[in-house]
Every structure is written in C-alpha cells, then in structure tokens.
Amino acid sequence: MNSLYEHPDAQAALALQTKIGEIKKEVAKAIVGQDEIIHQILIALLSRGHCLLVGVPGLAKTLLIKTLASVMDLQFSRIQFTPDLMPSDITGTELIEEDPVTKRREFRFVHGPLFGNVILADEINRTPPKTQSALLEAMAEHRITVAGKSYKLSEPFFVLATQNPIEQEGTYPLPEAQLDRFMFDLRLGYPKAEEEKEILRMTTGQYSADLKKVVNGRELMQFQELVRKVPVAENIIEYVVKFVSKTRPTHEAAPKFVKDLVRWGAGPRASQYLLLAAKTKSLIEGRFTPAIDDVRYAALPALRHRIITNFNAEAEGITTTNVIEKILNEM
C-alpha cells in the first residue's frame, strides 16, 4: 500500500502534502534559497525533533526560524545565549508578591522565554553548562523544574539552536548528551550568486513580505500523530540498524576505517530519528511507507553530530561527514 490514495488516512496525508507546499511558498516570500534546509527543518518539526543550525553570521538563520513560526502560527521566542546567562533567565523565576488587600505574601512564577512553541536558542555554545542543562531538560521532557516545582511547556515545542563555526574562543562546546537531543545537525552554506542578487533586491528596498498563516499548532500536532502511523517494512528497519551499527567501532559489522578513525559511534536515538525522518519524508512526498533512499537522505544530518572521531582522524583531516559518506558509499 504505497499510494496515499489507498490508505485510510489518505485525506489527512494529502492535506499534509498541501500544507507543506503552502508553508514553503509563504517562507519563500521572505527567505531566498535554503530550500533543502527548510525541507529538513519541516521534517524535524513533523517528527517532533529539535534542530541545530550551524552557519556563519548573516545567513538569515534568525529570519528563517521567525518566518517559519509566523507562517505556522506558532509563538516564537528568541534567547540570545551569553556567558552570563543564568538558568532562571530562560526558564523563568519565582517572585514574591504582596496582596494589596490581605497583605499576604505569596510566590508567583513568572514564565521565561522557554514558554513558547518555536524557541530560537541563538549561539547556544556561548553559555555555561549549567544554563545549557536547563535547556536540555526542556528539550527532553517538554517541561522545566523551578524551585522544586514542575511546569509543562507549550505544545508543539520545538528548539532550533544556532552555532557559529568561527570564533570558538570563550565558548562552551555542547556535551554529547545534549547534542544527542538534536534530531538534525544542519549546515547552512553561502547563497549562490543569483540568490544573493535576489537577497539584495529584497532587503535594500521597500519590500516587506506579507506572510499568511498556513497551519496552527493543533493541526501540526495532528500531522505529527499521522507520521507515527506510517507503516514501515521490516527490511527498512533492518537497514537502519545495520547502517547505525556500522558507525560503532566496537561492533563486529563496523568497517576497518570506522575502527581506525572513530572513537564513539551513534546510539539508538540516532536509529529512532533516522526512521522517523524517513517516515516523514515519504509522507510529505506522497508515499505512505518509507524506502531505503529516505533513510539515506537523512543519514548525514541525523548522524554527523553523534559520531566522535579519534586523534587519527583529526590528524588526517577526516570529519564525521567523511565517515558517514564512506559508509553510505559502501552500503
């Protein structure tokens, strides 16, 4: 049952296809190029995953995320991470208030910027580990804890964190446990010449994008549920497990170059996100079951931040991207 038209959820799946097309059309009014990045962010959103965006300044990362939030009618919240940022600055804090009538003092919790739907964690590697860990709880549990009390965050909840690949002095690299919470590690490149010309025309004149709201939070959550219903053939699951196993140097299936160059491979969460990405990609492209090509498409963004190379790889200038591409070529 590959065709959407043959499936009981055909109407919902076709509605998803239509909405994705409309979202991309609206985003294109404000963002020139970056089509692949937008496609991958939407896959992550529908898979209930978070994204790490790596790119030099000036590539419109903030504008892209803000535009997506606007088009999807989601509450956008931006946090500028700095070395002096405290956990309470992002989660919120309790304040003592006095009732003007009874004069009784009570604690009142004031919500922080994490209480939104789309959270832009700007330059996340510039804040200390204590504040990074506060974000980790929110990403993992969709809730935060302040003064012993737990507060549920808004749904859908989606974190897009940015990192600047240059100027690494004074930064706090994200620990592996937190990197693993990001579904995708996306790398933004420079625009092509024609795209840059269009950017100049749009941003140096009087043009102002008139963005329409295409979907809302409730509809997005329904689409996320639809993704979970997508059936997967056994051979696809086997392919995912085999692929991820090859990234682990201690596994018997790992190629020699992985054993020689990799210190740690990807864990089970990588397998989960690979399969979810494949399901989502197939669904928004009009197929109700994923193929091996869908898994291969998601391999690079889903795995490159989950593999740790060793000294030999660093000495030879070999990156995790090189390792993943070589595994892809051999499968």
# chains A, B, ... in the order shown; residues from 1 in each chain; ligands from 1
$ residues_around --residues "Phe182 in chain A" --least-positions-apart "2" --cutoff "9 Å" --atoms "only C-alpha atoms" --output "list in words"
Gly49, His50, Cys51, Leu52, Met139, Val159, Leu160, Ala161, Gln178, Leu179, Asp180, Phe184, Asp185, Ala302 and His305 of chain A
$ write_last_selection --atoms "N, CA and C atoms" --output "PDB file, in the first residue's frame"
ATOM      1  N   GLY A  49      11.195  16.624  16.483  1.00  0.00           N
ATOM      2  CA  GLY A  49      12.623  16.717  16.764  1.00  0.00           C
ATOM      3  C   GLY A  49      13.097  18.158  16.820  1.00  0.00           C
ATOM      4  N   HIS A  50      14.251  18.361  17.430  1.00  0.00           N
ATOM      5  CA  HIS A  50      14.881  19.682  17.512  1.00  0.00           C
ATOM      6  C   HIS A  50      16.033  19.749  16.510  1.00  0.00           C
ATOM      7  N   CYS A  51      16.431  20.958  16.143  1.00  0.00           N
ATOM      8  CA  CYS A  51      17.477  21.134  15.137  1.00  0.00           C
ATOM      9  C   CYS A  51      18.604  22.028  15.640  1.00  0.00           C
ATOM     10  N   LEU A  52      19.816  21.682  15.217  1.00  0.00           N
ATOM     11  CA  LEU A  52      20.988  22.512  15.447  1.00  0.00           C
ATOM     12  C   LEU A  52      21.392  23.091  14.097  1.00  0.00           C
ATOM     13  N   MET A 139      14.126  20.299  26.350  1.00  0.00           N
ATOM     14  CA  MET A 139      14.124  19.573  25.086  1.00  0.00           C
ATOM     15  C   MET A 139      13.704  18.122  25.253  1.00  0.00           C
ATOM     16  N   VAL A 159      12.855  23.332  19.487  1.00  0.00           N
ATOM     17  CA  VAL A 159      14.046  24.149  19.717  1.00  0.00           C
ATOM     18  C   VAL A 159      14.934  24.143  18.476  1.00  0.00           C
ATOM     19  N   LEU A 160      15.258  25.329  17.992  1.00  0.00           N
ATOM     20  CA  LEU A 160      16.233  25.487  16.917  1.00  0.00           C
ATOM     21  C   LEU A 160      17.402  26.269  17.493  1.00  0.00           C
ATOM     22  N   ALA A 161      18.517  25.602  17.667  1.00  0.00           N
ATOM     23  CA  ALA A 161      19.697  26.228  18.254  1.00  0.00           C
ATOM     24  C   ALA A 161      20.703  26.551  17.163  1.00  0.00           C
ATOM     25  N   GLN A 178      23.800  16.383  25.226  1.00  0.00           N
ATOM     26  CA  GLN A 178      22.900  17.415  24.720  1.00  0.00           C
ATOM     27  C   GLN A 178      22.853  17.417  23.199  1.00  0.00           C
ATOM     28  N   LEU A 179      23.992  17.185  22.558  1.00  0.00           N
ATOM     29  CA  LEU A 179      23.999  17.095  21.094  1.00  0.00           C
ATOM     30  C   LEU A 179      23.056  15.990  20.620  1.00  0.00           C
ATOM     31  N   ASP A 180      23.014  14.896  21.383  1.00  0.00           N
ATOM     32  CA  ASP A 180      22.197  13.752  21.004  1.00  0.00           C
ATOM     33  C   ASP A 180      20.707  14.065  21.043  1.00  0.00           C
ATOM     34  N   PHE A 184      18.508  16.770  14.074  1.00  0.00           N
ATOM     35  CA  PHE A 184      19.334  17.091  12.916  1.00  0.00           C
ATOM     36  C   PHE A 184      20.401  18.115  13.265  1.00  0.00           C
ATOM     37  N   ASP A 185      21.553  17.958  12.642  1.00  0.00           N
ATOM     38  CA  ASP A 185      22.616  18.959  12.648  1.00  0.00           C
ATOM     39  C   ASP A 185      22.680  19.489  11.216  1.00  0.00           C
ATOM     40  N   ALA A 302      21.347  13.509  10.487  1.00  0.00           N
ATOM     41  CA  ALA A 302      20.955  12.799  11.709  1.00  0.00           C
ATOM     42  C   ALA A 302      22.136  12.180  12.447  1.00  0.00           C
ATOM     43  N   HIS A 305      26.540  14.672  14.108  1.00  0.00           N
ATOM     44  CA  HIS A 305      26.834  15.197  15.441  1.00  0.00           C
ATOM     45  C   HIS A 305      26.812  14.105  16.509  1.00  0.00           C
TER      46      HIS A 305
END
$ closest_atom_pairs --of "range 33-128 of chain A" --to "range 277-296 of chain A" --cutoff "7 Å" --atoms "only C-alpha atoms" --output "CSV"
residue,atom,partner,partner_atom,distance
A:Ile43,CA,A:Thr280,CA,5.9
A:Ala44,CA,A:Ala277,CA,6.9
A:Leu46,CA,A:Thr280,CA,6.8
A:Ser47,CA,A:Ala277,CA,6.6
$ write_last_selection --atoms "N, CA and C atoms" --output "PDB file, in the first residue's frame"
ATOM      1  N   ILE A  43      10.809  18.448   8.212  1.00  0.00           N
ATOM      2  CA  ILE A  43      10.843  17.019   8.535  1.00  0.00           C
ATOM      3  C   ILE A  43      11.051  16.838  10.034  1.00  0.00           C
ATOM      4  N   ALA A  44      11.992  17.607  10.605  1.00  0.00           N
ATOM      5  CA  ALA A  44      12.266  17.510  12.046  1.00  0.00           C
ATOM      6  C   ALA A  44      11.052  17.933  12.865  1.00  0.00           C
ATOM      7  N   LEU A  46       7.858  17.847  12.067  1.00  0.00           N
ATOM      8  CA  LEU A  46       6.801  16.835  11.991  1.00  0.00           C
ATOM      9  C   LEU A  46       7.190  15.550  12.707  1.00  0.00           C
ATOM     10  N   SER A  47       8.495  15.360  12.926  1.00  0.00           N
ATOM     11  CA  SER A  47       8.982  14.184  13.648  1.00  0.00           C
ATOM     12  C   SER A  47       9.125  14.452  15.142  1.00  0.00           C
TER      13      SER A  47
END
$ residues_around --residues "range 20-29 of chain A" --least-positions-apart "3" --cutoff "7 Å" --atoms "only C-alpha atoms" --output "list in words"
Leu16, Gln17, Val32, Thr67, Leu68, Val71, Ala209, Leu211, Lys212 and Val214 of chain A
$ atom_distance --atom1 "CA of His39 in chain A" --atom2 "CA of Ala193 in chain A"
21.3 Å
$ residues_around --residues "Pro83 in chain A" --least-positions-apart "3" --cutoff "12 Å" --atoms "only C-alpha atoms" --output "ChimeraX atom specification"
/A:80,86-87,123-132,169-172
$ write_last_selection --atoms "C-alpha atoms" --output "PDB file, in the first residue's frame"
ATOM      1  CA  GLN A  80      20.463  35.153  22.994  1.00  0.00           C
ATOM      2  CA  MET A  86      21.537  32.012  34.149  1.00  0.00           C
ATOM      3  CA  PRO A  87      19.085  29.064  34.024  1.00  0.00           C
ATOM      4  CA  GLU A 123      24.643  30.826  19.796  1.00  0.00           C
ATOM      5  CA  ILE A 124      23.917  28.099  22.319  1.00  0.00           C
ATOM      6  CA  ASN A 125      27.605  27.267  22.754  1.00  0.00           C
ATOM      7  CA  ARG A 126      28.303  30.696  24.308  1.00  0.00           C
ATOM      8  CA  THR A 127      26.529  29.966  27.581  1.00  0.00           C
ATOM      9  CA  PRO A 128      27.844  27.913  30.545  1.00  0.00           C
ATOM     10  CA  PRO A 129      26.920  24.212  31.022  1.00  0.00           C
ATOM     11  CA  LYS A 130      24.516  24.994  33.888  1.00  0.00           C
ATOM     12  CA  THR A 131      22.286  27.027  31.567  1.00  0.00           C
ATOM     13  CA  GLN A 132      22.727  24.531  28.726  1.00  0.00           C
ATOM     14  CA  GLU A 169      37.305  31.319  21.919  1.00  0.00           C
ATOM     15  CA  GLY A 170      35.361  31.586  25.154  1.00  0.00           C
ATOM     16  CA  THR A 171      32.698  29.081  24.066  1.00  0.00           C
ATOM     17  CA  TYR A 172      31.307  26.052  25.879  1.00  0.00           C
TER      18      TYR A 172
END
$ select_by_dssp --residues "range 28-131 of chain A" --states "strand (DSSP E or B)" --output "JSON, numbers by chain"
{"A": [50, 51, 52, 53, 54, 76, 77, 78, 79, 80, 92, 93, 94, 95, 96, 97, 98, 105, 106, 107, 108, 109, 110, 111, 118, 119, 120, 121, 122]}
$ closest_residue --among "A:Glu196, A:Asp260, A:Glu98, A:Glu330" --to "Asn312 in chain A" --atoms "only C-alpha atoms"
A:Asp260
$ residues_around --residues "Gly116 in chain A" --least-positions-apart "5" --cutoff "8 Å" --atoms "only C-alpha atoms" --output "PyMOL selection string"
chain A and resi 74-77+153-154+157
$ write_last_selection --atoms "C-alpha atoms" --output "PDB file, in the first residue's frame"
ATOM      1  CA  LEU A  74       3.292  29.387  16.472  1.00  0.00           C
ATOM      2  CA  GLN A  75       4.590  31.528  19.328  1.00  0.00           C
ATOM      3  CA  PHE A  76       8.195  32.475  18.586  1.00  0.00           C
ATOM      4  CA  SER A  77      10.719  33.109  21.346  1.00  0.00           C
ATOM      5  CA  LEU A 153       5.749  23.705  28.307  1.00  0.00           C
ATOM      6  CA  SER A 154       3.514  24.677  25.395  1.00  0.00           C
ATOM      7  CA  PHE A 157       7.567  22.580  21.373  1.00  0.00           C
TER       8      PHE A 157
END
$ closest_residue --among "A:Ala13, A:Met221, A:Ile327, A:Ile90" --to "Ala138 in chain A" --atoms "only C-alpha atoms"
A:Ile90
$ atom_distance --atom1 "CA of Met183 in chain A" --atom2 "CA of Thr162 in chain A"
13.7 Å
$ atom_distance --atom1 "CA of Glu36 in chain A" --atom2 "CA of Ile237 in chain A"
24.9 Å
$ select_by_dssp --residues "range 141-201 of chain A" --states "helix (DSSP H, G or I)" --output "list in words"
Glu141, Glu176, Ala177, Gln178, Leu179, Ala193, Glu194, Glu195, Glu196, Lys197, Glu198, Ile199, Leu200 and Arg201 of chain A
$ write_last_selection --atoms "C-alpha atoms" --output "mmCIF file, in the first residue's frame"
data_model
loop_
_atom_site.group_PDB
_atom_site.id
_atom_site.type_symbol
_atom_site.label_atom_id
_atom_site.label_comp_id
_atom_site.auth_asym_id
_atom_site.auth_seq_id
_atom_site.Cartn_x
_atom_site.Cartn_y
_atom_site.Cartn_z
ATOM 1 C CA GLU A 141 10.874 16.319 28.791
ATOM 2 C CA GLU A 176 27.484 14.691 23.724
ATOM 3 C CA ALA A 177 24.355 14.091 25.826
ATOM 4 C CA GLN A 178 22.900 17.415 24.720
ATOM 5 C CA LEU A 179 23.999 17.095 21.094
ATOM 6 C CA ALA A 193 25.238 34.356 -6.928
ATOM 7 C CA GLU A 194 21.693 34.654 -8.312
ATOM 8 C CA GLU A 195 20.223 34.067 -4.847
ATOM 9 C CA GLU A 196 22.445 36.752 -3.356
ATOM 10 C CA LYS A 197 21.301 39.216 -6.023
ATOM 11 C CA GLU A 198 17.681 38.485 -5.103
ATOM 12 C CA ILE A 199 18.504 38.912 -1.402
ATOM 13 C CA LEU A 200 19.933 42.362 -2.143
ATOM 14 C CA ARG A 201 16.831 43.366 -4.122
#
$ closest_residue --among "A:Phe158, A:Glu97, A:Leu85, A:Ile41" --to "Ala140 in chain A" --atoms "only C-alpha atoms"
A:Phe158
$ residues_around --residues "Thr91 in chain A" --least-positions-apart "6" --cutoff "10 Å" --atoms "only C-alpha atoms" --output "PDB file with C-alpha atoms, in the first residue's frame"
ATOM      1  CA  VAL A 110       6.966  34.381  36.000  1.00  0.00           C
ATOM      2  CA  HIS A 111       7.355  32.453  32.755  1.00  0.00           C
ATOM      3  CA  GLY A 112      10.675  32.655  30.927  1.00  0.00           C
ATOM      4  CA  PRO A 113      11.247  32.631  27.145  1.00  0.00           C
ATOM      5  CA  LEU A 114      11.137  28.808  27.023  1.00  0.00           C
ATOM      6  CA  PHE A 115       7.357  29.081  27.278  1.00  0.00           C
ATOM      7  CA  THR A 131      22.286  27.027  31.567  1.00  0.00           C
ATOM      8  CA  ALA A 134      18.308  23.747  31.805  1.00  0.00           C
ATOM      9  CA  LEU A 135      17.579  23.755  28.085  1.00  0.00           C
ATOM     10  CA  ALA A 138      13.100  21.298  28.329  1.00  0.00           C
ATOM     11  CA  ARG A 143       8.809  20.596  30.934  1.00  0.00           C
ATOM     12  CA  ILE A 144      11.033  22.558  33.305  1.00  0.00           C
ATOM     13  CA  THR A 145      11.631  22.449  37.045  1.00  0.00           C
ATOM     14  CA  VAL A 146      11.959  25.621  39.117  1.00  0.00           C
ATOM     15  CA  TYR A 151       5.910  23.274  34.748  1.00  0.00           C
ATOM     16  CA  LEU A 153       5.749  23.705  28.307  1.00  0.00           C
TER      17      LEU A 153
END
